[in-house]
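A.B. asks: If you scroll down you'll find the structure; I have some questions about it.
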Amino acid sequence: MTITKIGKKQPVFHEIGKNVKFGKNCILRNFIFIGDNCVIGDRVRISNFCNIDRDCVIGNDVNFQYGVYLPQDTIVGNNCFFSIQVGVLDEKYPAAGRQIRKPVVFGDNVIVGGGSKFIGGIKIGDNSVIGMGSVVIEDVPKNAVVAGVPAKIISTREEYNKKKLMWENVVFKQKHNDSAKKGTD
Ligand SMILES: CC(C)(COP(=O)(O)OP(=O)(O)OC[C@H]1O[C@@H](n2cnc3c(N)ncnc32)[C@H](O)[C@@H]1OP(=O)(O)O)[C@@H](O)C(=O)NCCC(=O)NCCS
């Protein structure tokens, strides 16, 4: 394991393990730990204070916001978004004599809301959305939106996409109206 200091204007500290492979155009911010043998895809963005333990495999176009914690052997598909302080807890019965860790597998196009936690040994289906603050203790099916403690299905990805589009249109209109008003003031 080596500690590298990159950057001229301001110090950037990363701890990157051995045999870590990065794809094209990845962006790493400050204070990031990446363990040995990880494979990181193209255009992956890793924000401050993220921890990706050894032997993880991360797809293309994945965005990790501040403070994401992924333990050993986590698999993340393509085009996933992890909001702040998401954590995968791979040992169900911690501090046992023998450590029994089970990895979590995230499919493609998964959106994970801020602060969500995942127990080891589950699969998170393609196109699913995890509401902020969820505690996910069982598999999430494809195209489902889940939320709560423990996380339960609350809607579908299709419904989420519709709401997202409506919300974006409302915000866009508001901004447009505000700037039009400013112009006439
Ligand atoms: C999951 C999410 C997308 C659902 O949004 P939505 O489809 O508009 O859902 P609604 O607000 O209409 O709520 C539907 C139901 O789910 C519940 N619910 C919604 N989000 C929840 C959450 N995170 N945890 C627990 N329950 C939640 C609501 O209480 C409501 O329950 P009810 O039907 O019993 O009243 C949204 O709440 C969320 O968590 N977004 C992620 C935010 C985030 O982390 N952003 C990161 C930006 S950097």
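If you're wondering about the labels, chains in the structure tokens are A, B, ... by order shown, residues count from 1 in each chain, ligands from 1 in order shown.
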Around ligand 1, out to 10 Å and counting only C-alpha atoms and all ligand atoms, which residues are there? I want them as an NGL selection string.

C.D. replies: :A and (65-66 or 81-86 or 111-116 or 129-135 or 145-157 or 159-164 or 167)

A.B. asks: Leaving out Asn48 in chain A and any residue of its chain fewer than 2 positions from it, which residues lie within 12 Å of it when counting only C-alpha atoms, given as a compact mmCIF listing (two decimals) with all heavy atoms, in the first residue's frame?

C.D. replies:
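Saved the output as result33.txt:
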```txt
# COMPACT_ATOMS: atom_id res chain seq x y z
N VAL A 12 -3.54 16.85 -2.28
CA VAL A 12 -4.60 15.85 -2.42
C VAL A 12 -4.01 14.53 -1.94
O VAL A 12 -3.02 14.07 -2.49
CB VAL A 12 -5.04 15.71 -3.89
CG1 VAL A 12 -6.09 14.64 -4.03
CG2 VAL A 12 -5.56 17.04 -4.41
N PHE A 13 -4.58 13.92 -0.92
CA PHE A 13 -4.03 12.68 -0.40
C PHE A 13 -4.93 11.51 -0.76
O PHE A 13 -6.14 11.54 -0.51
CB PHE A 13 -3.90 12.76 1.13
CG PHE A 13 -2.90 13.77 1.57
CD1 PHE A 13 -3.30 15.03 1.95
CD2 PHE A 13 -1.55 13.46 1.56
CE1 PHE A 13 -2.36 15.97 2.35
CE2 PHE A 13 -0.61 14.41 1.95
CZ PHE A 13 -1.03 15.66 2.35
N HIS A 14 -4.35 10.49 -1.35
CA HIS A 14 -5.07 9.26 -1.64
C HIS A 14 -4.23 8.10 -1.13
O HIS A 14 -3.01 8.18 -1.15
CB HIS A 14 -5.24 9.05 -3.15
CG HIS A 14 -6.04 10.12 -3.82
ND1 HIS A 14 -5.75 10.57 -5.07
CD2 HIS A 14 -7.11 10.80 -3.40
CE1 HIS A 14 -6.61 11.51 -5.40
NE2 HIS A 14 -7.45 11.66 -4.40
N ILE A 27 -12.35 10.75 -11.97
CA ILE A 27 -12.05 11.93 -11.17
C ILE A 27 -12.03 11.53 -9.71
O ILE A 27 -13.02 10.99 -9.19
CB ILE A 27 -13.10 13.04 -11.40
CG1 ILE A 27 -13.07 13.48 -12.86
CG2 ILE A 27 -12.86 14.22 -10.47
CD1 ILE A 27 -14.15 14.46 -13.24
N LEU A 28 -10.91 11.78 -9.05
CA LEU A 28 -10.79 11.47 -7.63
C LEU A 28 -10.59 12.76 -6.87
O LEU A 28 -9.70 13.54 -7.20
CB LEU A 28 -9.57 10.57 -7.36
CG LEU A 28 -9.75 9.06 -7.53
CD1 LEU A 28 -10.08 8.67 -8.94
CD2 LEU A 28 -8.49 8.36 -7.06
N ARG A 29 -11.42 13.00 -5.86
CA ARG A 29 -11.23 14.19 -5.03
C ARG A 29 -10.27 13.86 -3.88
O ARG A 29 -9.36 13.08 -4.08
CB ARG A 29 -12.58 14.72 -4.61
CG ARG A 29 -13.38 15.13 -5.87
CD ARG A 29 -14.49 16.08 -5.62
NE ARG A 29 -14.01 17.35 -5.11
CZ ARG A 29 -14.82 18.27 -4.58
NH1 ARG A 29 -16.10 18.03 -4.50
NH2 ARG A 29 -14.34 19.41 -4.15
N ASN A 30 -10.49 14.42 -2.68
CA ASN A 30 -9.47 14.30 -1.63
C ASN A 30 -9.73 13.14 -0.67
O ASN A 30 -10.86 12.74 -0.46
CB ASN A 30 -9.43 15.57 -0.80
CG ASN A 30 -8.96 16.74 -1.62
OD1 ASN A 30 -8.26 16.58 -2.61
ND2 ASN A 30 -9.36 17.93 -1.24
N PHE A 31 -8.65 12.65 -0.06
CA PHE A 31 -8.71 11.70 1.05
C PHE A 31 -9.52 10.45 0.70
O PHE A 31 -10.55 10.14 1.32
CB PHE A 31 -9.29 12.37 2.31
CG PHE A 31 -8.47 13.55 2.74
CD1 PHE A 31 -8.91 14.83 2.51
CD2 PHE A 31 -7.24 13.37 3.34
CE1 PHE A 31 -8.14 15.93 2.88
CE2 PHE A 31 -6.46 14.46 3.71
CZ PHE A 31 -6.92 15.74 3.47
N ILE A 32 -9.06 9.76 -0.32
CA ILE A 32 -9.76 8.56 -0.80
C ILE A 32 -8.89 7.34 -0.54
O ILE A 32 -7.67 7.38 -0.77
CB ILE A 32 -10.05 8.72 -2.31
CG1 ILE A 32 -11.10 9.82 -2.51
CG2 ILE A 32 -10.52 7.41 -2.94
CD1 ILE A 32 -11.17 10.34 -3.91
N PHE A 33 -9.52 6.26 -0.06
CA PHE A 33 -8.81 5.00 0.13
C PHE A 33 -9.35 3.99 -0.88
O PHE A 33 -10.57 3.79 -0.98
CB PHE A 33 -9.04 4.47 1.56
CG PHE A 33 -8.51 3.07 1.75
CD1 PHE A 33 -7.19 2.88 2.16
CD2 PHE A 33 -9.30 1.97 1.48
CE1 PHE A 33 -6.69 1.58 2.30
CE2 PHE A 33 -8.80 0.68 1.63
CZ PHE A 33 -7.50 0.49 2.04
N ARG A 45 -16.47 8.91 -10.79
CA ARG A 45 -16.18 10.09 -9.95
C ARG A 45 -16.23 9.67 -8.49
O ARG A 45 -17.24 9.12 -8.05
CB ARG A 45 -17.20 11.19 -10.19
CG ARG A 45 -17.24 11.69 -11.62
CD ARG A 45 -18.49 12.50 -11.85
NE ARG A 45 -18.37 13.78 -11.17
CZ ARG A 45 -17.98 14.90 -11.75
NH1 ARG A 45 -17.72 14.90 -13.05
NH2 ARG A 45 -17.87 16.02 -11.09
N ILE A 46 -15.16 9.92 -7.78
CA ILE A 46 -15.11 9.52 -6.37
C ILE A 46 -14.85 10.77 -5.53
O ILE A 46 -13.81 11.42 -5.67
CB ILE A 46 -14.00 8.47 -6.13
CG1 ILE A 46 -14.16 7.29 -7.11
CG2 ILE A 46 -14.04 7.97 -4.69
CD1 ILE A 46 -13.10 6.22 -6.99
N CYS A 50 -14.12 8.85 0.53
CA CYS A 50 -14.71 7.55 0.14
C CYS A 50 -13.71 6.44 0.45
O CYS A 50 -12.50 6.62 0.35
CB CYS A 50 -15.05 7.53 -1.34
SG CYS A 50 -16.54 8.48 -1.71
N ASN A 51 -14.26 5.28 0.79
CA ASN A 51 -13.44 4.10 1.09
C ASN A 51 -13.93 2.94 0.25
O ASN A 51 -15.09 2.52 0.37
CB ASN A 51 -13.59 3.76 2.58
CG ASN A 51 -12.74 2.58 2.98
OD1 ASN A 51 -11.72 2.75 3.65
ND2 ASN A 51 -13.11 1.37 2.59
N ILE A 52 -13.07 2.44 -0.62
CA ILE A 52 -13.42 1.27 -1.44
C ILE A 52 -12.39 0.19 -1.11
O ILE A 52 -11.22 0.30 -1.50
CB ILE A 52 -13.41 1.63 -2.95
CG1 ILE A 52 -14.44 2.76 -3.22
CG2 ILE A 52 -13.70 0.41 -3.81
CD1 ILE A 52 -14.45 3.27 -4.65
N ASN A 63 -20.94 7.36 -9.89
CA ASN A 63 -20.66 8.58 -9.13
C ASN A 63 -20.80 8.29 -7.64
O ASN A 63 -21.88 7.91 -7.17
CB ASN A 63 -21.67 9.65 -9.57
CG ASN A 63 -21.37 11.01 -8.98
OD1 ASN A 63 -20.64 11.13 -8.00
ND2 ASN A 63 -21.96 12.03 -9.58
N PHE A 64 -19.70 8.41 -6.90
CA PHE A 64 -19.73 8.23 -5.44
C PHE A 64 -19.62 9.61 -4.81
O PHE A 64 -18.59 10.27 -4.97
CB PHE A 64 -18.55 7.39 -4.97
CG PHE A 64 -18.56 5.97 -5.46
CD1 PHE A 64 -17.63 5.54 -6.40
CD2 PHE A 64 -19.49 5.05 -4.99
CE1 PHE A 64 -17.61 4.23 -6.85
CE2 PHE A 64 -19.49 3.74 -5.44
CZ PHE A 64 -18.55 3.32 -6.36
N GLN A 65 -20.65 10.02 -4.09
CA GLN A 65 -20.55 11.28 -3.39
C GLN A 65 -19.81 11.09 -2.06
O GLN A 65 -19.43 9.97 -1.71
CB GLN A 65 -21.93 11.87 -3.18
CG GLN A 65 -22.56 12.27 -4.52
CD GLN A 65 -23.69 13.24 -4.34
OE1 GLN A 65 -24.47 13.12 -3.41
NE2 GLN A 65 -23.79 14.20 -5.23
N TYR A 66 -19.70 12.16 -1.30
CA TYR A 66 -18.92 12.23 -0.06
C TYR A 66 -19.16 11.03 0.88
O TYR A 66 -20.30 10.69 1.20
CB TYR A 66 -19.33 13.52 0.65
CG TYR A 66 -18.69 13.78 1.97
CD1 TYR A 66 -17.58 14.61 2.07
CD2 TYR A 66 -19.20 13.21 3.12
CE1 TYR A 66 -16.99 14.86 3.30
CE2 TYR A 66 -18.62 13.45 4.36
CZ TYR A 66 -17.52 14.27 4.43
OH TYR A 66 -16.94 14.51 5.64
N GLY A 67 -18.06 10.42 1.32
CA GLY A 67 -18.12 9.48 2.43
C GLY A 67 -18.79 8.14 2.16
O GLY A 67 -19.36 7.56 3.08
N VAL A 68 -18.70 7.64 0.95
CA VAL A 68 -19.27 6.31 0.67
C VAL A 68 -18.30 5.23 1.15
O VAL A 68 -17.08 5.34 0.96
CB VAL A 68 -19.55 6.15 -0.85
CG1 VAL A 68 -19.94 4.71 -1.20
CG2 VAL A 68 -20.63 7.13 -1.29
N TYR A 69 -18.83 4.18 1.79
CA TYR A 69 -18.00 3.09 2.31
C TYR A 69 -18.41 1.77 1.65
O TYR A 69 -19.54 1.30 1.82
CB TYR A 69 -18.16 2.97 3.83
CG TYR A 69 -17.34 1.83 4.37
CD1 TYR A 69 -16.00 2.00 4.69
CD2 TYR A 69 -17.89 0.55 4.52
CE1 TYR A 69 -15.23 0.94 5.15
CE2 TYR A 69 -17.13 -0.52 4.97
CZ TYR A 69 -15.80 -0.32 5.28
OH TYR A 69 -15.05 -1.36 5.72
N SER A 83 -25.28 8.51 -3.26
CA SER A 83 -25.26 9.80 -2.58
C SER A 83 -24.40 9.74 -1.31
O SER A 83 -23.77 8.72 -1.03
CB SER A 83 -26.68 10.23 -2.26
OG SER A 83 -26.66 11.54 -1.76
N ILE A 84 -24.43 10.81 -0.55
CA ILE A 84 -23.49 10.93 0.58
C ILE A 84 -23.68 9.84 1.65
O ILE A 84 -24.78 9.41 1.93
CB ILE A 84 -23.61 12.30 1.28
CG1 ILE A 84 -25.04 12.54 1.78
CG2 ILE A 84 -23.19 13.42 0.35
CD1 ILE A 84 -25.13 13.66 2.78
N GLN A 85 -22.58 9.41 2.19
CA GLN A 85 -22.52 8.55 3.38
C GLN A 85 -23.33 7.27 3.26
O GLN A 85 -23.99 6.84 4.22
CB GLN A 85 -22.91 9.35 4.62
CG GLN A 85 -21.87 10.43 4.87
CD GLN A 85 -22.15 11.30 6.06
OE1 GLN A 85 -23.29 11.47 6.46
NE2 GLN A 85 -21.11 11.87 6.63
```

A.B. asks: Quick one: distance from CA of Leu70 in chain A to CA of Phe106 in chain A in Å, one decimal?

C.D. replies: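 If I compute the distance from CA of Leu70 in chain A to CA of Phe106 in chain A, I get 11.2 Å.
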
A.B. asks: Which is closer to Ile137 in chain A than all the others in A:Gly107, A:Asp36, A:Ser179, A:Asp90, using only C-alpha atoms?

C.D. replies: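 Among the listed residues, A:Asp90 lies closest to Ile137 in chain A.
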
A.B. asks: Enter the distance from CA of Cys26 in chain A to CA of Phe49 in chain A, in Å, rounded to one decimal.

C.D. replies: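 Between CA of Cys26 in chain A and CA of Phe49 in chain A the gap is 15.9 Å.
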
A.B. asks: Contacts of Ile40 in chain A at 8 Å or less, counting only C-alpha atoms, minus same-chain residues fewer than 4 places along, as a count of residues only?

C.D. replies: 9

A.B. asks: Run DSSP on the backbone and tell me which residues of range 2-161 of chain A come out as helix (DSSP H, G or I); list them as a ChimeraX atom specification.

C.D. replies: /A:157-161

A.B. asks: Selected residues, N, CA, C and O atoms, written as a PDB file, in the first residue's frame, please.

C.D. replies:
```pdb
ATOM      1  N   ARG A 157     -39.499   2.302 -10.830  1.00  0.00           N
ATOM      2  CA  ARG A 157     -38.561   3.229 -11.462  1.00  0.00           C
ATOM      3  C   ARG A 157     -39.281   4.098 -12.495  1.00  0.00           C
ATOM      4  O   ARG A 157     -38.949   5.265 -12.685  1.00  0.00           O
ATOM      5  N   GLU A 158     -40.275   3.510 -13.148  1.00  0.00           N
ATOM      6  CA  GLU A 158     -41.028   4.265 -14.158  1.00  0.00           C
ATOM      7  C   GLU A 158     -41.708   5.477 -13.495  1.00  0.00           C
ATOM      8  O   GLU A 158     -41.644   6.596 -13.993  1.00  0.00           O
ATOM      9  N   GLU A 159     -42.354   5.200 -12.355  1.00  0.00           N
ATOM     10  CA  GLU A 159     -43.016   6.257 -11.585  1.00  0.00           C
ATOM     11  C   GLU A 159     -41.993   7.308 -11.139  1.00  0.00           C
ATOM     12  O   GLU A 159     -42.244   8.509 -11.225  1.00  0.00           O
ATOM     13  N   TYR A 160     -40.840   6.840 -10.659  1.00  0.00           N
ATOM     14  CA  TYR A 160     -39.764   7.742 -10.224  1.00  0.00           C
ATOM     15  C   TYR A 160     -39.331   8.639 -11.379  1.00  0.00           C
ATOM     16  O   TYR A 160     -39.195   9.854 -11.211  1.00  0.00           O
ATOM     17  N   ASN A 161     -39.133   8.041 -12.557  1.00  0.00           N
ATOM     18  CA  ASN A 161     -38.676   8.825 -13.710  1.00  0.00           C
ATOM     19  C   ASN A 161     -39.694   9.904 -14.079  1.00  0.00           C
ATOM     20  O   ASN A 161     -39.323  11.032 -14.396  1.00  0.00           O
TER      21      ASN A 161
END
```

A.B. asks: So which one's closest to Asp126 in chain A, A:Met166, A:Val76, A:Ala95, A:Leu89? Using only C-alpha atoms, please.

C.D. replies: A:Val76

A.B. asks: Can you list every residue in range 1-90 of chain A that DSSP puts in strand (DSSP E or B), as a PyMOL selection string?

C.D. replies: chain A and resi 2-6+12-16+21-22+27-28+32-34+39-40+45-46+51-52+57-58+63-64+69-70+75-76+81-82+87-89
